[in-house]
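Pasting protein.csv here (CSV, N, CA and C atoms):
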```
chain,number,residue,atom,x,y,z
L,1,GLN,N,-28.0,28.5,-58.1
L,1,GLN,CA,-28.2,27.6,-57.1
L,1,GLN,C,-27.4,26.3,-57.3
L,2,VAL,N,-26.8,25.8,-56.3
L,2,VAL,CA,-25.9,24.6,-56.4
L,2,VAL,C,-26.8,23.4,-56.1
L,3,GLN,N,-26.6,22.4,-57.0
L,3,GLN,CA,-27.2,21.1,-56.7
L,3,GLN,C,-26.1,20.1,-56.6
L,4,LEU,N,-26.2,19.3,-55.6
L,4,LEU,CA,-25.3,18.2,-55.4
L,4,LEU,C,-26.0,16.9,-55.5
L,5,VAL,N,-25.5,16.0,-56.3
L,5,VAL,CA,-26.1,14.7,-56.6
L,5,VAL,C,-25.2,13.6,-56.2
L,6,GLU,N,-25.5,12.8,-55.2
L,6,GLU,CA,-24.7,11.7,-54.8
L,6,GLU,C,-25.2,10.4,-55.5
L,7,SER,N,-24.2,9.5,-55.8
L,7,SER,CA,-24.6,8.2,-56.4
L,7,SER,C,-23.5,7.2,-56.0
L,8,GLY,N,-23.8,5.9,-56.3
L,8,GLY,CA,-22.9,4.9,-56.0
L,8,GLY,C,-23.2,4.0,-54.9
L,9,GLY,N,-24.2,4.3,-54.1
L,9,GLY,CA,-24.5,3.5,-52.9
L,9,GLY,C,-25.1,2.2,-53.4
L,10,GLY,N,-25.4,1.3,-52.4
L,10,GLY,CA,-25.9,0.0,-52.7
L,10,GLY,C,-25.8,-0.9,-51.5
L,11,LEU,N,-26.1,-2.2,-51.7
L,11,LEU,CA,-26.0,-3.2,-50.7
L,11,LEU,C,-24.8,-4.0,-50.9
L,12,VAL,N,-24.0,-4.2,-49.9
L,12,VAL,CA,-22.7,-4.9,-49.9
L,12,VAL,C,-22.6,-5.7,-48.7
L,13,GLN,N,-21.9,-6.8,-48.8
L,13,GLN,CA,-21.6,-7.6,-47.6
L,13,GLN,C,-20.4,-7.0,-46.8
L,14,ALA,N,-20.4,-7.3,-45.5
L,14,ALA,CA,-19.3,-6.8,-44.7
L,14,ALA,C,-18.0,-7.2,-45.3
L,15,GLY,N,-17.0,-6.3,-45.3
L,15,GLY,CA,-15.7,-6.6,-45.8
L,15,GLY,C,-15.6,-6.2,-47.3
L,16,GLY,N,-16.7,-5.8,-47.9
L,16,GLY,CA,-16.8,-5.4,-49.3
L,16,GLY,C,-16.4,-3.9,-49.5
L,17,SER,N,-16.5,-3.5,-50.7
L,17,SER,CA,-16.1,-2.1,-51.1
L,17,SER,C,-17.2,-1.4,-51.9
L,18,LEU,N,-17.2,-0.1,-51.8
L,18,LEU,CA,-18.1,0.7,-52.7
L,18,LEU,C,-17.4,2.0,-52.9
L,19,GLY,N,-17.8,2.6,-54.1
L,19,GLY,CA,-17.3,3.9,-54.4
L,19,GLY,C,-18.4,4.9,-54.6
L,20,LEU,N,-18.4,6.0,-53.9
L,20,LEU,CA,-19.5,7.0,-54.0
L,20,LEU,C,-19.0,8.1,-54.9
L,21,SER,N,-19.9,8.8,-55.5
L,21,SER,CA,-19.6,10.0,-56.3
L,21,SER,C,-20.5,11.1,-56.0
L,22,CYS,N,-20.1,12.3,-56.1
L,22,CYS,CA,-20.9,13.5,-55.9
L,22,CYS,C,-20.6,14.4,-57.0
L,23,GLU,N,-21.7,14.8,-57.7
L,23,GLU,CA,-21.5,15.8,-58.8
L,23,GLU,C,-22.2,17.1,-58.5
L,24,SER,N,-21.5,18.2,-58.8
L,24,SER,CA,-22.1,19.5,-58.5
L,24,SER,C,-22.5,20.2,-59.8
L,25,SER,N,-23.5,21.0,-59.7
L,25,SER,CA,-24.0,21.7,-60.9
L,25,SER,C,-23.1,23.0,-61.1
L,26,ARG,N,-22.3,23.3,-60.1
L,26,ARG,CA,-21.5,24.5,-60.3
L,26,ARG,C,-20.1,24.1,-59.8
L,27,ILE,N,-19.1,24.9,-60.1
L,27,ILE,CA,-17.7,24.7,-59.8
L,27,ILE,C,-17.5,25.1,-58.3
L,28,ILE,N,-17.6,24.2,-57.4
L,28,ILE,CA,-17.4,24.5,-56.0
L,28,ILE,C,-16.3,23.7,-55.4
L,29,PHE,N,-15.8,22.6,-56.1
L,29,PHE,CA,-14.9,21.7,-55.4
L,29,PHE,C,-13.5,22.3,-55.4
L,30,ARG,N,-13.1,23.1,-56.3
L,30,ARG,CA,-11.7,23.5,-56.4
L,30,ARG,C,-11.2,24.3,-55.2
L,31,LEU,N,-12.0,25.2,-54.8
L,31,LEU,CA,-11.5,26.2,-53.7
L,31,LEU,C,-12.1,25.9,-52.3
L,32,ASN,N,-13.1,25.2,-52.3
L,32,ASN,CA,-13.8,25.0,-51.0
L,32,ASN,C,-13.5,23.6,-50.3
L,33,ALA,N,-13.4,23.6,-49.0
L,33,ALA,CA,-13.3,22.4,-48.3
L,33,ALA,C,-14.6,21.6,-48.5
L,34,MET,N,-14.5,20.4,-48.8
L,34,MET,CA,-15.7,19.5,-49.1
L,34,MET,C,-15.6,18.3,-48.2
L,35,GLY,N,-16.8,17.8,-47.9
L,35,GLY,CA,-16.9,16.6,-47.0
L,35,GLY,C,-17.9,15.6,-47.4
L,36,TRP,N,-17.7,14.4,-47.0
L,36,TRP,CA,-18.7,13.4,-47.1
L,36,TRP,C,-19.3,13.2,-45.7
L,37,TYR,N,-20.6,13.2,-45.6
L,37,TYR,CA,-21.3,13.1,-44.4
L,37,TYR,C,-22.2,11.8,-44.4
L,38,ARG,N,-22.6,11.3,-43.3
L,38,ARG,CA,-23.5,10.2,-43.3
L,38,ARG,C,-24.4,10.3,-42.1
L,39,GLN,N,-25.6,9.7,-42.3
L,39,GLN,CA,-26.6,9.7,-41.3
L,39,GLN,C,-27.2,8.3,-41.2
L,40,ALA,N,-27.0,7.7,-40.1
L,40,ALA,CA,-27.6,6.4,-39.8
L,40,ALA,C,-29.0,6.6,-39.2
L,41,PRO,N,-29.9,5.6,-39.3
L,41,PRO,CA,-31.2,5.7,-38.7
L,41,PRO,C,-31.1,6.0,-37.2
L,42,GLY,N,-31.8,7.0,-36.8
L,42,GLY,CA,-31.8,7.4,-35.4
L,42,GLY,C,-30.6,8.1,-34.9
L,43,LYS,N,-29.7,8.5,-35.8
L,43,LYS,CA,-28.5,9.2,-35.4
L,43,LYS,C,-28.3,10.5,-36.1
L,44,GLN,N,-27.5,11.3,-35.5
L,44,GLN,CA,-27.3,12.6,-36.2
L,44,GLN,C,-26.3,12.5,-37.3
L,45,ARG,N,-26.4,13.4,-38.3
L,45,ARG,CA,-25.5,13.4,-39.4
L,45,ARG,C,-24.1,13.7,-38.9
L,46,GLU,N,-23.1,13.0,-39.5
L,46,GLU,CA,-21.8,13.2,-39.0
L,46,GLU,C,-20.8,13.3,-40.3
L,47,LEU,N,-19.8,14.0,-40.1
L,47,LEU,CA,-18.8,14.2,-41.1
L,47,LEU,C,-17.8,13.0,-41.0
L,48,VAL,N,-17.6,12.3,-42.1
L,48,VAL,CA,-16.7,11.1,-42.0
L,48,VAL,C,-15.4,11.4,-42.8
L,49,ALA,N,-15.4,12.3,-43.8
L,49,ALA,CA,-14.2,12.5,-44.6
L,49,ALA,C,-14.2,13.9,-45.1
L,50,ARG,N,-13.1,14.5,-45.1
L,50,ARG,CA,-13.0,16.0,-45.5
L,50,ARG,C,-11.8,16.1,-46.4
L,51,ILE,N,-11.9,17.0,-47.4
L,51,ILE,CA,-10.7,17.4,-48.2
L,51,ILE,C,-10.7,18.9,-48.3
L,52,SER,N,-9.6,19.5,-47.9
L,52,SER,CA,-9.5,21.0,-47.9
L,52,SER,C,-9.3,21.5,-49.4
L,53,GLY,N,-9.4,22.8,-49.5
L,53,GLY,CA,-9.1,23.4,-50.8
L,53,GLY,C,-7.7,23.1,-51.3
L,54,GLY,N,-6.8,22.9,-50.4
L,54,GLY,CA,-5.5,22.5,-50.8
L,54,GLY,C,-5.2,21.1,-51.0
L,55,GLY,N,-6.2,20.2,-50.7
L,55,GLY,CA,-6.1,18.8,-50.9
L,55,GLY,C,-5.8,18.0,-49.7
L,56,THR,N,-5.7,18.6,-48.5
L,56,THR,CA,-5.4,17.9,-47.3
L,56,THR,C,-6.7,17.1,-46.9
L,57,THR,N,-6.5,15.9,-46.5
L,57,THR,CA,-7.6,15.0,-46.2
L,57,THR,C,-7.6,14.7,-44.7
L,58,ASN,N,-8.8,14.6,-44.2
L,58,ASN,CA,-9.0,14.2,-42.7
L,58,ASN,C,-10.2,13.2,-42.7
L,59,TYR,N,-10.1,12.3,-41.7
L,59,TYR,CA,-11.1,11.3,-41.6
L,59,TYR,C,-11.6,11.1,-40.1
L,60,ALA,N,-12.8,10.8,-40.0
L,60,ALA,CA,-13.3,10.4,-38.7
L,60,ALA,C,-12.5,9.1,-38.2
L,61,ASP,N,-12.3,8.9,-36.9
L,61,ASP,CA,-11.6,7.8,-36.5
L,61,ASP,C,-12.3,6.5,-36.9
L,62,SER,N,-13.6,6.5,-37.0
L,62,SER,CA,-14.3,5.3,-37.3
L,62,SER,C,-14.1,4.8,-38.7
L,63,VAL,N,-13.6,5.6,-39.6
L,63,VAL,CA,-13.4,5.2,-41.0
L,63,VAL,C,-11.9,5.4,-41.5
L,64,LYS,N,-11.1,5.9,-40.6
L,64,LYS,CA,-9.7,6.1,-40.9
L,64,LYS,C,-9.0,4.8,-41.4
L,65,GLY,N,-8.3,4.8,-42.5
L,65,GLY,CA,-7.7,3.7,-43.0
L,65,GLY,C,-8.6,2.8,-43.9
L,66,ARG,N,-9.8,3.1,-43.9
L,66,ARG,CA,-10.8,2.3,-44.8
L,66,ARG,C,-11.4,3.2,-45.9
L,67,PHE,N,-11.6,4.5,-45.6
L,67,PHE,CA,-12.2,5.4,-46.6
L,67,PHE,C,-11.2,6.3,-47.2
L,68,ALA,N,-11.4,6.7,-48.4
L,68,ALA,CA,-10.5,7.7,-49.0
L,68,ALA,C,-11.3,8.7,-49.8
L,69,ILE,N,-11.2,10.0,-49.5
L,69,ILE,CA,-11.9,11.0,-50.2
L,69,ILE,C,-10.9,11.6,-51.3
L,70,SER,N,-11.5,12.0,-52.4
L,70,SER,CA,-10.7,12.6,-53.5
L,70,SER,C,-11.7,13.5,-54.3
L,71,ARG,N,-11.1,14.3,-55.2
L,71,ARG,CA,-12.0,15.1,-56.0
L,71,ARG,C,-11.3,15.3,-57.4
L,72,ASP,N,-12.2,15.6,-58.3
L,72,ASP,CA,-11.7,16.0,-59.7
L,72,ASP,C,-12.4,17.3,-60.0
L,73,ALA,N,-11.7,18.4,-59.7
L,73,ALA,CA,-12.3,19.7,-59.8
L,73,ALA,C,-12.7,20.0,-61.2
L,74,ALA,N,-12.0,19.5,-62.2
L,74,ALA,CA,-12.3,19.7,-63.6
L,74,ALA,C,-13.6,19.1,-64.0
L,75,LYS,N,-14.0,18.0,-63.3
L,75,LYS,CA,-15.3,17.4,-63.6
L,75,LYS,C,-16.3,17.7,-62.6
L,76,ASN,N,-16.0,18.6,-61.6
L,76,ASN,CA,-16.9,19.0,-60.6
L,76,ASN,C,-17.4,17.7,-59.8
L,77,ARG,N,-16.5,16.8,-59.5
L,77,ARG,CA,-16.9,15.6,-58.8
L,77,ARG,C,-16.1,15.4,-57.6
L,78,LEU,N,-16.7,14.8,-56.6
L,78,LEU,CA,-16.1,14.4,-55.3
L,78,LEU,C,-16.3,12.9,-55.2
L,79,TYR,N,-15.4,12.3,-54.6
L,79,TYR,CA,-15.4,10.8,-54.6
L,79,TYR,C,-15.2,10.3,-53.1
L,80,LEU,N,-15.7,9.2,-52.8
L,80,LEU,CA,-15.4,8.5,-51.6
L,80,LEU,C,-15.3,7.0,-51.9
L,81,GLN,N,-14.1,6.5,-51.7
L,81,GLN,CA,-13.8,5.1,-51.9
L,81,GLN,C,-13.9,4.5,-50.5
L,82,MET,N,-14.7,3.4,-50.4
L,82,MET,CA,-14.9,2.8,-49.1
L,82,MET,C,-14.5,1.3,-49.2
L,83,LYS,N,-13.7,0.8,-48.3
L,83,LYS,CA,-13.3,-0.6,-48.3
L,83,LYS,C,-13.4,-1.1,-46.9
L,84,THR,N,-13.4,-2.4,-46.8
L,84,THR,CA,-13.5,-3.1,-45.6
L,84,THR,C,-14.8,-2.6,-44.8
L,85,LEU,N,-15.9,-2.6,-45.5
L,85,LEU,CA,-17.1,-2.0,-45.0
L,85,LEU,C,-17.6,-2.8,-43.8
L,86,LYS,N,-18.2,-2.2,-42.9
L,86,LYS,CA,-18.8,-2.8,-41.7
L,86,LYS,C,-20.3,-2.5,-41.6
L,87,PRO,N,-21.0,-3.3,-40.9
L,87,PRO,CA,-22.5,-3.0,-40.8
L,87,PRO,C,-22.7,-1.7,-40.2
L,88,GLU,N,-21.9,-1.2,-39.3
L,88,GLU,CA,-22.0,0.1,-38.7
L,88,GLU,C,-21.8,1.3,-39.7
L,89,ASP,N,-21.3,1.0,-40.9
L,89,ASP,CA,-21.2,2.0,-42.0
L,89,ASP,C,-22.5,2.2,-42.7
L,90,THR,N,-23.5,1.4,-42.4
L,90,THR,CA,-24.8,1.6,-43.0
L,90,THR,C,-25.4,2.9,-42.7
L,91,ALA,N,-25.7,3.7,-43.7
L,91,ALA,CA,-26.2,5.1,-43.6
L,91,ALA,C,-26.6,5.6,-44.9
L,92,VAL,N,-27.2,6.8,-44.9
L,92,VAL,CA,-27.3,7.6,-46.1
L,92,VAL,C,-26.1,8.5,-46.2
L,93,TYR,N,-25.4,8.5,-47.3
L,93,TYR,CA,-24.2,9.3,-47.4
L,93,TYR,C,-24.5,10.6,-48.3
L,94,TYR,N,-24.0,11.7,-47.8
L,94,TYR,CA,-24.2,13.0,-48.5
L,94,TYR,C,-22.8,13.7,-48.7
L,95,CYS,N,-22.8,14.5,-49.7
L,95,CYS,CA,-21.6,15.4,-49.8
L,95,CYS,C,-22.1,16.8,-49.6
L,96,ASN,N,-21.2,17.7,-49.1
L,96,ASN,CA,-21.5,19.1,-48.9
L,96,ASN,C,-20.2,19.8,-48.6
L,97,ARG,N,-20.3,21.1,-48.6
L,97,ARG,CA,-19.1,21.8,-48.1
L,97,ARG,C,-18.8,21.5,-46.7
L,98,ASP,N,-17.6,21.9,-46.2
L,98,ASP,CA,-17.3,21.8,-44.8
L,98,ASP,C,-16.8,23.2,-44.4
L,99,PRO,N,-17.6,23.9,-43.5
L,99,PRO,CA,-18.8,23.4,-42.9
L,99,PRO,C,-20.0,23.4,-43.9
L,100,PRO,N,-21.0,22.6,-43.7
L,100,PRO,CA,-22.0,22.4,-44.6
L,100,PRO,C,-23.0,23.6,-44.8
L,101,LEU,N,-23.5,23.7,-46.0
L,101,LEU,CA,-24.5,24.8,-46.2
L,101,LEU,C,-25.9,24.1,-46.4
L,102,ASN,N,-26.9,24.5,-45.7
L,102,ASN,CA,-28.2,23.9,-45.7
L,102,ASN,C,-28.7,23.7,-47.1
L,103,THR,N,-28.5,24.7,-47.9
L,103,THR,CA,-29.1,24.7,-49.2
L,103,THR,C,-28.4,23.7,-50.2
L,104,TYR,N,-27.3,23.2,-49.8
L,104,TYR,CA,-26.5,22.3,-50.6
L,104,TYR,C,-26.9,20.8,-50.4
L,105,TRP,N,-27.7,20.5,-49.3
L,105,TRP,CA,-27.9,19.1,-49.1
L,105,TRP,C,-28.7,18.5,-50.2
L,106,GLY,N,-28.2,17.3,-50.7
L,106,GLY,CA,-28.9,16.6,-51.8
L,106,GLY,C,-29.7,15.5,-51.2
L,107,GLN,N,-30.1,14.5,-52.0
L,107,GLN,CA,-30.9,13.4,-51.6
L,107,GLN,C,-30.1,12.3,-50.9
L,108,GLY,N,-28.8,12.3,-51.1
L,108,GLY,CA,-27.9,11.3,-50.5
L,108,GLY,C,-28.0,10.0,-51.3
L,109,THR,N,-27.1,9.1,-50.9
L,109,THR,CA,-27.1,7.8,-51.5
L,109,THR,C,-27.0,6.7,-50.4
L,110,GLN,N,-27.9,5.7,-50.4
L,110,GLN,CA,-28.0,4.8,-49.3
L,110,GLN,C,-26.9,3.7,-49.5
L,111,VAL,N,-26.2,3.5,-48.4
L,111,VAL,CA,-25.2,2.4,-48.3
L,111,VAL,C,-25.7,1.5,-47.2
L,112,THR,N,-25.8,0.2,-47.6
L,112,THR,CA,-26.3,-0.8,-46.6
L,112,THR,C,-25.2,-1.9,-46.6
L,113,VAL,N,-24.7,-2.2,-45.4
L,113,VAL,CA,-23.7,-3.2,-45.3
L,113,VAL,C,-24.3,-4.4,-44.5
L,114,SER,N,-24.4,-5.5,-45.1
L,114,SER,CA,-25.0,-6.7,-44.4
L,114,SER,C,-23.9,-7.5,-43.7
L,115,SER,N,-24.3,-8.1,-42.6
L,115,SER,CA,-23.3,-8.9,-41.8
L,115,SER,C,-23.2,-10.3,-42.3
```
Please go through the file and, once you have read it, give me the structure as structure tokens.
Amino acid sequence: QVQLVESGGGLVQAGGSLGLSCESSRIIFRLNAMGWYRQAPGKQRELVARISGGGTTNYADSVKGRFAISRDAAKNRLYLQMKTLKPEDTAVYYCNRDPPLNTYWGQGTQVTVSS
């Protein structure tokens, strides 16, 4: 059974930066497309950043140019660097495969951006 544990969230002012980390209990990052998702209060969970097995990255328009996804397969870690944060980035952030597997959802990490 795979466990994904997200960390690095917190409270930051608008314009600030945060770095999120996702650690897996098994080796899944090397071959699988992985993504960072977020869910804001009252909204559906959305994919904001994706990295393919080959390393190609894609971003939602709302975060393009501000977020960067990366991975360290040797450490079973996935990262999301976020800069120029906006209040609308406030959400719980999760990592998962893309497309996601229900059994992989972790607790997420809360990111709160104050104006």
**Report entry** Nearest residue to L:Ala74 from the set L:Tyr104, L:Pro99, L:Arg30, L:Val5 (distances using only N, CA and C atoms)
**Finding:**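 Closest residue, counting only N, CA and C atoms: L:Arg30.
Atom CA of L:Leu4 to atom CA of L:Asn32 spans 14.1 Å [interatomic distance, one decimal].
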Requested in this report: Pull the helix (DSSP H, G or I) assignments for chain L out of DSSP run on the backbone, and list those residues as a PyMOL selection string.
Outcome: chain L and resi 73-75+87-89+102-104
Query raised in the report: Suppose you want the space between atom N of L:Pro87 and atom N of L:Ala14; what is it in Å?
Result: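 Atom N of L:Ala14 lies 6.1 Å from atom N of L:Pro87.
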Report task. Name the residues of chain L that come out as strand (DSSP E) in a backbone DSSP run; write them as an MDAnalysis selection string. Result -> chainID L and resid 4:7 10:13 18:24 34:39 46:51 57:59 67:72 77:82 91:97 109:114
Query - Polymer residues at most 9 Å from L:Gly8, only C-alpha atoms, same-chain spacing of 5 or more positions, as a VMD selection string - result: chain L and resid 18 to 22 109 to 111
Query raised in the report: Which of these residues is nearest to L:Tyr94, using all atoms listed in the file: L:Arg50, L:Lys64, L:Arg38, L:Arg45?
Result: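 So, comparing all the options, the nearest one is L:Arg38.
Residues in contact with stretch 33-37 of chain L at 6 Å, where only C-alpha atoms are counted and same-chain residues fewer than 2 positions away are skipped, are listed as Glu46, Leu47, Val48, Ala49, Arg50, Ile51, Ser52, Gly53, Tyr93, Tyr94, Cys95, Asn96, Arg97 and Asp98 of chain L.
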Query raised in the report: How many Å separate atom N of L:Phe29 from atom N of L:Val113?
Result: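 We find that atom N of L:Phe29 and atom N of L:Val113 lie 28.4 Å from each other.
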Report task. Using only C-alpha atoms, give me every residue within 6 Å of (-26.1, -1.3, -50.5) in file coordinates, as a list in words. Result -> Gly9, Gly10, Leu11, Val12, Val111 and Thr112 of chain L
Query raised in the report: Using only N, CA and C atoms, which residues sit within 6.5 Å of L:Pro41 once same-chain residues fewer than 3 positions away are excluded, as JSON, numbers by chain?
Result: {"L": [90, 91, 92]}
